[in-house]
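Novice: Sending over a structure as structure tokens; questions will come in a sec.
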Amino acid sequence: MNTFDHQHIWHPYAKVPNPIKSHTVLSADGVCLNLEGDRRVIDGMSSWWSAIHGYNHPVLNQAVTEQLKKMAHVMFGGLTHQSAIDLAKTLVTITPEPLNKVFFSDSGSVAVEVALKMACQYWYNQGKADKHKFVTIQGGYHGDTFGAMSVCDPSNSMHHVFSGILPQHFFVKSPSVTPMDEALADLEATLKQHSGAIAAMILEPVVQGAGSMRFYNPQYLLKAKALCKQHQVLFILDEIATGFGRTGELFALEYVDVEVDILCLGKTLTGGYMTLAATLTTDEIAQTVGTLMHGPTFMANPLACAVANASINLLLNSPWQDNIARIEKHFYDELAPLKQNDKVADVRILGAIGIIEMVSDIEVEKTQNQLIDNGVWLRPYGKFLYTMPPFTVTDDELSIVTNAIKVVVNK
Ligand SMILES: *Cc1c(COP(=O)(O)O)cnc(C)c1O
């Protein structure tokens, strides 16, 4: 433990000083983190969904150093550069039609803010300034900035302190806990009554991540989109966690090829190397939005764009579907049987995501230390012990991860 860190630096969702000590990472390579004290652990979290190719990857390193020789950064106001152009071309190509316009920003939360602004400006410019509210499903997570927080699950403890000062939006039943027809009926009733005030629906496709760690039937997306269209409400998908292969499809929306008006990407975009996000939309929406009122200082940072290009190439030229299927099968074989354990409420598996929901809250520090003793880094929160390893993880490394999970669950 580093004393200065402990005394002075905030960590995510933590106190300073933090009662739970942070581990110092000296370096990382392959799928492993090298921790102080000569401990080498497999990163079962991919640094929060992002490091899909593992660490210190020669191809990604090279992309950064080549860009570095040209320039690390230039402002994007009035200037452009090849790395941003290449990345935008790729994103337009690999995302479904008609997503043709790209806005780059620094983080997932900002990509969500931009999506919300696009939706509001779209209606404002058509003389419908009253359409500035959002509808979303319960149990969602869209980031930590104010606009993004306002569409996160309101009863999830993460942001409840701000409930009095956040703009109020519409929360409908989630298909991940409510039967789909009932969830759709709730959405339809809300749209019927309030669509005059609603700019857009925003939701995570198929996987509700940090807000509730649940999955739902992708058919919901098709029906929700149809209802939104019928009631003149835009449809925003937040693929910040699910994008780039994690669920077994390149984008989770491809389970049903749902049509989307605005799409948010982040996390995995740079293969976990740097912070970068993107908001994509259609020609028609971009044209109606006109001048988009947003422009981050580090917009389309060249280093981040260069490594994003390399990461997407690496992914698309790898047998990623086979890797995800292999990881999923391993989770079914090794983690699904944990359902029998009395302390386990549920086990949920999809693609390269494995979630153990315990009956009670997990003691984070104790569990984390046990996991480290078993060679694995995981970051449990609440009742959830979950893993989404780099796609390059080998079968032997996967066994180390699932064995460590079994050890702490069965303890
Ligand atoms: C992580 C996440 C965000 C926020 O991204 P940051 O880069 O942390 O700001 C938004 N939406 C979803 C679905 C996420 O998983």
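A note on labels: chains of the structure tokens are A, B, ... as shown, every chain counts residues from 1, and ligands are counted from 1 in their shown order.
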6 Å from ligand 1 is the threshold here; counting only C-alpha atoms and all ligand atoms, which polymer residues fall inside it? Answer as a list in words.

Specialist: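 For ligand 1, the residues inside 6 Å are Ser107, Gly108, Ser109, Tyr141, His142, Gly143, Glu204, Gly209, Asp238, Ile240, Ala241 and Lys267 of chain A.
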
Novice: Can those selected residues be exported to a file as a PDB file, in the first residue's frame so that it contains all heavy atoms?

Specialist:
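Okay, part02.pdb is ready:
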ATOM      1  N   SER A 107     -14.726  10.579 -22.732  1.00  0.00           N
ATOM      2  CA  SER A 107     -15.094   9.445 -21.880  1.00  0.00           C
ATOM      3  C   SER A 107     -16.527   9.037 -22.162  1.00  0.00           C
ATOM      4  O   SER A 107     -17.287   9.779 -22.798  1.00  0.00           O
ATOM      5  CB  SER A 107     -14.944   9.807 -20.403  1.00  0.00           C
ATOM      6  OG  SER A 107     -16.009  10.637 -20.005  1.00  0.00           O
ATOM      7  N   GLY A 108     -16.887   7.876 -21.673  1.00  0.00           N
ATOM      8  CA  GLY A 108     -18.226   7.355 -21.906  1.00  0.00           C
ATOM      9  C   GLY A 108     -19.314   8.295 -21.406  1.00  0.00           C
ATOM     10  O   GLY A 108     -20.307   8.535 -22.097  1.00  0.00           O
ATOM     11  N   SER A 109     -19.120   8.831 -20.208  1.00  0.00           N
ATOM     12  CA  SER A 109     -20.128   9.743 -19.657  1.00  0.00           C
ATOM     13  C   SER A 109     -20.347  10.925 -20.589  1.00  0.00           C
ATOM     14  O   SER A 109     -21.485  11.369 -20.795  1.00  0.00           O
ATOM     15  CB  SER A 109     -19.684  10.259 -18.289  1.00  0.00           C
ATOM     16  OG  SER A 109     -19.474   9.197 -17.398  1.00  0.00           O
ATOM     17  N   TYR A 141     -27.203   2.002 -16.229  1.00  0.00           N
ATOM     18  CA  TYR A 141     -26.064   2.842 -15.846  1.00  0.00           C
ATOM     19  C   TYR A 141     -25.531   3.527 -17.103  1.00  0.00           C
ATOM     20  O   TYR A 141     -25.274   2.865 -18.114  1.00  0.00           O
ATOM     21  CB  TYR A 141     -24.954   2.010 -15.199  1.00  0.00           C
ATOM     22  CG  TYR A 141     -23.739   2.860 -14.890  1.00  0.00           C
ATOM     23  CD1 TYR A 141     -23.728   3.704 -13.777  1.00  0.00           C
ATOM     24  CD2 TYR A 141     -22.623   2.877 -15.742  1.00  0.00           C
ATOM     25  CE1 TYR A 141     -22.642   4.529 -13.520  1.00  0.00           C
ATOM     26  CE2 TYR A 141     -21.541   3.694 -15.484  1.00  0.00           C
ATOM     27  CZ  TYR A 141     -21.549   4.511 -14.376  1.00  0.00           C
ATOM     28  OH  TYR A 141     -20.483   5.331 -14.127  1.00  0.00           O
ATOM     29  N   HIS A 142     -25.364   4.833 -17.039  1.00  0.00           N
ATOM     30  CA  HIS A 142     -24.896   5.567 -18.213  1.00  0.00           C
ATOM     31  C   HIS A 142     -23.767   6.543 -17.911  1.00  0.00           C
ATOM     32  O   HIS A 142     -23.417   7.357 -18.775  1.00  0.00           O
ATOM     33  CB  HIS A 142     -26.071   6.303 -18.877  1.00  0.00           C
ATOM     34  CG  HIS A 142     -27.134   5.369 -19.371  1.00  0.00           C
ATOM     35  ND1 HIS A 142     -26.973   4.614 -20.518  1.00  0.00           N
ATOM     36  CD2 HIS A 142     -28.347   5.025 -18.859  1.00  0.00           C
ATOM     37  CE1 HIS A 142     -28.055   3.864 -20.697  1.00  0.00           C
ATOM     38  NE2 HIS A 142     -28.892   4.082 -19.705  1.00  0.00           N
ATOM     39  N   GLY A 143     -23.211   6.517 -16.699  1.00  0.00           N
ATOM     40  CA  GLY A 143     -22.082   7.388 -16.411  1.00  0.00           C
ATOM     41  C   GLY A 143     -22.328   8.279 -15.206  1.00  0.00           C
ATOM     42  O   GLY A 143     -23.389   8.238 -14.584  1.00  0.00           O
ATOM     43  N   GLU A 204     -29.083   0.563 -22.376  1.00  0.00           N
ATOM     44  CA  GLU A 204     -27.981  -0.329 -22.737  1.00  0.00           C
ATOM     45  C   GLU A 204     -28.592  -1.543 -23.440  1.00  0.00           C
ATOM     46  O   GLU A 204     -29.525  -2.139 -22.901  1.00  0.00           O
ATOM     47  CB  GLU A 204     -27.247  -0.811 -21.484  1.00  0.00           C
ATOM     48  CG  GLU A 204     -26.603   0.273 -20.657  1.00  0.00           C
ATOM     49  CD  GLU A 204     -26.515  -0.118 -19.185  1.00  0.00           C
ATOM     50  OE1 GLU A 204     -27.505   0.066 -18.450  1.00  0.00           O
ATOM     51  OE2 GLU A 204     -25.473  -0.622 -18.773  1.00  0.00           O
ATOM     52  N   GLY A 209     -25.247  -3.129 -17.305  1.00  0.00           N
ATOM     53  CA  GLY A 209     -23.976  -3.317 -16.601  1.00  0.00           C
ATOM     54  C   GLY A 209     -24.022  -2.808 -15.172  1.00  0.00           C
ATOM     55  O   GLY A 209     -24.819  -3.291 -14.363  1.00  0.00           O
ATOM     56  N   ASP A 238     -26.679   2.814 -25.635  1.00  0.00           N
ATOM     57  CA  ASP A 238     -25.399   3.003 -24.955  1.00  0.00           C
ATOM     58  C   ASP A 238     -24.659   1.663 -25.017  1.00  0.00           C
ATOM     59  O   ASP A 238     -24.934   0.762 -24.223  1.00  0.00           O
ATOM     60  CB  ASP A 238     -25.674   3.450 -23.512  1.00  0.00           C
ATOM     61  CG  ASP A 238     -24.393   3.592 -22.698  1.00  0.00           C
ATOM     62  OD1 ASP A 238     -23.326   3.165 -23.173  1.00  0.00           O
ATOM     63  OD2 ASP A 238     -24.476   4.110 -21.567  1.00  0.00           O
ATOM     64  N   ILE A 240     -21.428   1.394 -24.585  1.00  0.00           N
ATOM     65  CA  ILE A 240     -20.103   1.693 -24.037  1.00  0.00           C
ATOM     66  C   ILE A 240     -19.476   0.449 -23.402  1.00  0.00           C
ATOM     67  O   ILE A 240     -18.282   0.209 -23.539  1.00  0.00           O
ATOM     68  CB  ILE A 240     -20.204   2.885 -23.058  1.00  0.00           C
ATOM     69  CG1 ILE A 240     -20.517   4.151 -23.866  1.00  0.00           C
ATOM     70  CG2 ILE A 240     -18.932   3.047 -22.231  1.00  0.00           C
ATOM     71  CD1 ILE A 240     -20.969   5.341 -23.045  1.00  0.00           C
ATOM     72  N   ALA A 241     -20.294  -0.380 -22.743  1.00  0.00           N
ATOM     73  CA  ALA A 241     -19.750  -1.616 -22.151  1.00  0.00           C
ATOM     74  C   ALA A 241     -19.848  -2.802 -23.113  1.00  0.00           C
ATOM     75  O   ALA A 241     -18.993  -3.681 -23.111  1.00  0.00           O
ATOM     76  CB  ALA A 241     -20.482  -1.941 -20.848  1.00  0.00           C
ATOM     77  N   LYS A 267     -15.211   2.811 -23.496  1.00  0.00           N
ATOM     78  CA  LYS A 267     -14.469   1.719 -22.857  1.00  0.00           C
ATOM     79  C   LYS A 267     -13.499   0.979 -23.788  1.00  0.00           C
ATOM     80  O   LYS A 267     -12.347   1.351 -23.874  1.00  0.00           O
ATOM     81  CB  LYS A 267     -15.455   0.761 -22.183  1.00  0.00           C
ATOM     82  CG  LYS A 267     -16.059   1.364 -20.910  1.00  0.00           C
ATOM     83  CD  LYS A 267     -16.691   0.313 -20.031  1.00  0.00           C
ATOM     84  CE  LYS A 267     -16.930   0.821 -18.626  1.00  0.00           C
ATOM     85  NZ  LYS A 267     -18.205   1.546 -18.442  1.00  0.00           N
TER      86      LYS A 267
END

Novice: Which parts of stretch 257-313 of chain A does DSSP call strand (DSSP E) when run on the backbone here, written out as a list in words?

Specialist: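 Here is the list: Ile262, Leu263, Cys264, Leu265, Ala277, Ala278, Thr279, Leu280, Thr281 and Thr282 of chain A.
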
Novice: Within 7 Å of stretch 198-203 of chain A, which residues of stretch 109-170 of chain A show up? Give each one with its shortest atom-to-atom distance in Å (one decimal) and the two atoms involved, counting only C-alpha atoms, rows by chain then rising residue number, as a tab-separated table.

Specialist:
residue	atom	partner	partner_atom	distance
A:Ala119	CA	A:Ala199	CA	5.7
A:Cys120	CA	A:Ala199	CA	5.9
A:Trp123	CA	A:Ala199	CA	6.8
A:Lys131	CA	A:Ile198	CA	4.7
A:His132	CA	A:Ala199	CA	5.0
A:Lys133	CA	A:Ile198	CA	4.5
A:Phe134	CA	A:Ala200	CA	5.2
A:Val135	CA	A:Met201	CA	4.7
A:Thr136	CA	A:Ile202	CA	5.3
A:Ile137	CA	A:Leu203	CA	6.5
A:Gly140	CA	A:Leu203	CA	6.9

Novice: Find, counting only C-alpha atoms, the residue in A:Tyr122, A:Tyr386, A:Trp320, A:Phe251 that gets nearest to A:Gln232.

Specialist: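 The closest residue to A:Gln232 is A:Tyr122.
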
Novice: Mind pulling up the distance from atom CA of A:Tyr13 to atom CA of A:Glu328?

Specialist: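 Distance between the two atoms: 29.6 Å.
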
Novice: Which is closer to A:Leu265 than all the others in A:Leu234, A:Leu350, A:Val110, A:Val206, using only C-alpha atoms?

Specialist: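 Going through A:Leu234, A:Leu350, A:Val110, A:Val206 one by one, the smallest distance to A:Leu265 is for A:Val110.
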
Novice: Check the smallest atom-to-atom distance from each of A:Ala51, A:Ile355, A:Ile236, A:Val16 to A:Phe4 using only C-alpha atoms, then report the winner.

Specialist: A:Val16

Novice: Interatomic distance between atom CA of A:Lys128 and atom CA of A:Ser150?

Specialist: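 Answer for the atom CA of A:Lys128 to atom CA of A:Ser150 separation: 21.2 Å.
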
Novice: Within 12 Å of A:Lys366, counting only C-alpha atoms, which residues show up once you throw out same-chain ones fewer than 4 positions away? Write them as a PyMOL selection string, please.

Specialist: chain A and resi 20-21+362+370-373+378-380+408+411

Novice: Which polymer residues have any atom within 12 Å of an atom of A:Val307, counting only C-alpha atoms, with same-chain residues fewer than 6 positions away left out, as number ranges by chain?

Specialist: A: 51, 53, 57-68, 72, 83-84, 86-87, 268-276, 300-301, 313-314

Novice: Next, write the just-selected residues to a file, as a tab-separated table (two decimals), in the first residue's frame, keeping N, CA and C atoms as the atom set.

Specialist:
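Wrote part37.tsv, looks like this:
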chain	number	residue	atom	x	y	z
A	51	ALA	N	-9.67	-3.57	-21.62
A	51	ALA	CA	-8.41	-4.10	-22.15
A	51	ALA	C	-8.64	-5.47	-22.82
A	53	HIS	N	-7.42	-6.86	-25.47
A	53	HIS	CA	-6.25	-7.56	-26.03
A	53	HIS	C	-5.18	-7.80	-24.97
A	57	HIS	N	0.58	-4.61	-25.36
A	57	HIS	CA	0.49	-5.34	-26.62
A	57	HIS	C	1.39	-4.68	-27.66
A	58	PRO	N	2.28	-5.46	-28.31
A	58	PRO	CA	3.25	-4.83	-29.23
A	58	PRO	C	2.59	-4.01	-30.33
A	59	VAL	N	1.49	-4.49	-30.88
A	59	VAL	CA	0.83	-3.76	-31.99
A	59	VAL	C	0.25	-2.43	-31.49
A	60	LEU	N	-0.37	-2.47	-30.33
A	60	LEU	CA	-0.96	-1.25	-29.78
A	60	LEU	C	0.13	-0.28	-29.33
A	61	ASN	N	1.18	-0.83	-28.72
A	61	ASN	CA	2.31	0.01	-28.32
A	61	ASN	C	2.89	0.74	-29.53
A	62	GLN	N	3.01	0.00	-30.63
A	62	GLN	CA	3.60	0.58	-31.83
A	62	GLN	C	2.71	1.70	-32.39
A	63	ALA	N	1.41	1.48	-32.35
A	63	ALA	CA	0.48	2.52	-32.86
A	63	ALA	C	0.65	3.81	-32.06
A	64	VAL	N	0.81	3.68	-30.75
A	64	VAL	CA	0.98	4.87	-29.91
A	64	VAL	C	2.31	5.55	-30.24
A	65	THR	N	3.38	4.77	-30.31
A	65	THR	CA	4.69	5.40	-30.51
A	65	THR	C	4.80	6.03	-31.90
A	66	GLU	N	4.18	5.41	-32.90
A	66	GLU	CA	4.22	6.03	-34.24
A	66	GLU	C	3.46	7.34	-34.27
A	67	GLN	N	2.32	7.36	-33.62
A	67	GLN	CA	1.56	8.61	-33.56
A	67	GLN	C	2.33	9.66	-32.75
A	68	LEU	N	2.98	9.19	-31.69
A	68	LEU	CA	3.73	10.10	-30.82
A	68	LEU	C	4.83	10.83	-31.59
A	72	ALA	N	1.37	14.31	-30.27
A	72	ALA	CA	0.56	13.68	-29.23
A	72	ALA	C	-0.85	14.23	-29.26
A	83	SER	N	-5.52	10.20	-38.06
A	83	SER	CA	-5.96	9.15	-37.13
A	83	SER	C	-7.45	9.28	-36.82
A	84	ALA	N	-7.92	10.52	-36.68
A	84	ALA	CA	-9.36	10.73	-36.42
A	84	ALA	C	-10.17	10.37	-37.66
A	86	ASP	N	-9.38	8.23	-40.07
A	86	ASP	CA	-9.40	6.77	-40.21
A	86	ASP	C	-10.37	6.12	-39.23
A	87	LEU	N	-10.35	6.61	-37.99
A	87	LEU	CA	-11.20	6.00	-36.97
A	87	LEU	C	-12.68	6.25	-37.29
A	268	THR	N	-13.99	-0.05	-24.51
A	268	THR	CA	-13.12	-0.89	-25.33
A	268	THR	C	-12.57	-0.20	-26.57
A	269	LEU	N	-13.08	1.00	-26.88
A	269	LEU	CA	-12.74	1.66	-28.14
A	269	LEU	C	-11.23	1.70	-28.41
A	270	THR	N	-10.43	1.97	-27.38
A	270	THR	CA	-8.97	2.04	-27.57
A	270	THR	C	-8.27	0.77	-27.07
A	271	GLY	N	-8.99	-0.30	-26.88
A	271	GLY	CA	-8.39	-1.51	-26.34
A	271	GLY	C	-7.87	-1.30	-24.92
A	272	GLY	N	-8.43	-0.32	-24.23
A	272	GLY	CA	-8.02	-0.06	-22.85
A	272	GLY	C	-6.77	0.78	-22.72
A	273	TYR	N	-6.30	1.36	-23.82
A	273	TYR	CA	-5.05	2.13	-23.75
A	273	TYR	C	-5.25	3.56	-23.27
A	274	MET	N	-6.30	4.19	-23.75
A	274	MET	CA	-6.47	5.61	-23.47
A	274	MET	C	-7.94	5.94	-23.41
A	275	THR	N	-8.23	7.09	-22.84
A	275	THR	CA	-9.64	7.45	-22.73
A	275	THR	C	-10.13	8.11	-24.02
A	276	LEU	N	-11.18	7.52	-24.57
A	276	LEU	CA	-11.78	8.04	-25.81
A	276	LEU	C	-13.18	7.47	-25.92
A	300	ALA	N	-11.02	14.03	-29.99
A	300	ALA	CA	-10.32	13.24	-31.02
A	300	ALA	C	-8.81	13.24	-30.81
A	301	ASN	N	-8.39	13.11	-29.57
A	301	ASN	CA	-6.95	13.08	-29.26
A	301	ASN	C	-6.23	12.08	-30.19
A	313	ASN	N	-8.56	-2.92	-35.64
A	313	ASN	CA	-7.96	-3.81	-36.64
A	313	ASN	C	-7.57	-5.14	-36.05
A	314	LEU	N	-6.92	-5.05	-34.89
A	314	LEU	CA	-6.47	-6.26	-34.21
A	314	LEU	C	-7.66	-7.17	-33.89

Novice: Give the answer as one residue: which of A:Ile405, A:Ala189, A:Met358, A:Val393 has the shortest atom-to-atom distance to A:Asp29, using only C-alpha atoms?

Specialist: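 So, comparing all the options, the nearest one is A:Val393.
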
Novice: Have a look at A:Lys329, A:His159, A:Lys173, A:His231 and name the one nearest to A:Lys192; count only C-alpha atoms.

Specialist: A:His231

Novice: Would you mind reading off the distance between atom CA of A:Val92 and atom CA of A:Trp49, one decimal, in Å?

Specialist: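 If I compute the distance from atom CA of A:Val92 to atom CA of A:Trp49, I get 22.1 Å.
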
Novice: Near A:Leu338, within 12 Å and counting only C-alpha atoms, which residues show up once chain neighbours fewer than 5 positions away are dropped, as a ChimeraX atom specification?

Specialist: /A:331-333,343-349,354-358,385,402-403,405-410

Novice: For A:Ile324, which residue among A:Glu249, A:Asp5, A:Glu188, A:Asp181 is the nearest when counting only C-alpha atoms?

Specialist: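 Among A:Glu249, A:Asp5, A:Glu188, A:Asp181, it is A:Glu249 that comes nearest to A:Ile324.
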
Novice: For A:Arg326, find every residue with an atom within 9 Å (counting only C-alpha atoms), except residues of its own chain fewer than 6 positions away, and show them as a ChimeraX atom specification.

Specialist: /A:351-352,395

Novice: Convert the current residue selection to file output with all heavy atoms, as an mmCIF file, in the first residue's frame.

Specialist:
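Dumped to part-v2.cif:
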data_model
loop_
_atom_site.group_PDB
_atom_site.id
_atom_site.type_symbol
_atom_site.label_atom_id
_atom_site.label_comp_id
_atom_site.auth_asym_id
_atom_site.auth_seq_id
_atom_site.Cartn_x
_atom_site.Cartn_y
_atom_site.Cartn_z
ATOM 1 N N GLY A 351 -21.746 -14.359 -23.481
ATOM 2 C CA GLY A 351 -20.487 -14.044 -24.149
ATOM 3 C C GLY A 351 -19.341 -14.151 -23.152
ATOM 4 O O GLY A 351 -19.247 -15.120 -22.400
ATOM 5 N N ALA A 352 -18.466 -13.144 -23.137
ATOM 6 C CA ALA A 352 -17.319 -13.178 -22.228
ATOM 7 C C ALA A 352 -17.610 -12.427 -20.936
ATOM 8 O O ALA A 352 -16.763 -11.710 -20.411
ATOM 9 C CB ALA A 352 -16.089 -12.618 -22.926
ATOM 10 N N ASP A 395 -7.079 -20.891 -22.077
ATOM 11 C CA ASP A 395 -7.916 -21.775 -21.269
ATOM 12 C C ASP A 395 -7.327 -21.982 -19.872
ATOM 13 O O ASP A 395 -8.060 -22.026 -18.885
ATOM 14 C CB ASP A 395 -8.099 -23.133 -21.967
ATOM 15 C CG ASP A 395 -8.987 -23.001 -23.203
ATOM 16 O OD1 ASP A 395 -9.799 -22.053 -23.250
ATOM 17 O OD2 ASP A 395 -8.858 -23.831 -24.128
#

Novice: I'd like the contact shell of A:Met388 - 6 Å cut-off, only C-alpha atoms, skipping same-chain residues fewer than 3 positions apart - returned as a ChimeraX atom specification.

Specialist: /A:44-45,352-353

Novice: Pick out each residue of stretch 308-351 of chain A that DSSP on the backbone tags as helix (DSSP H, G or I); I need them as a VMD selection string.

Specialist: chain A and resid 308 to 316 320 to 334 336 to 340
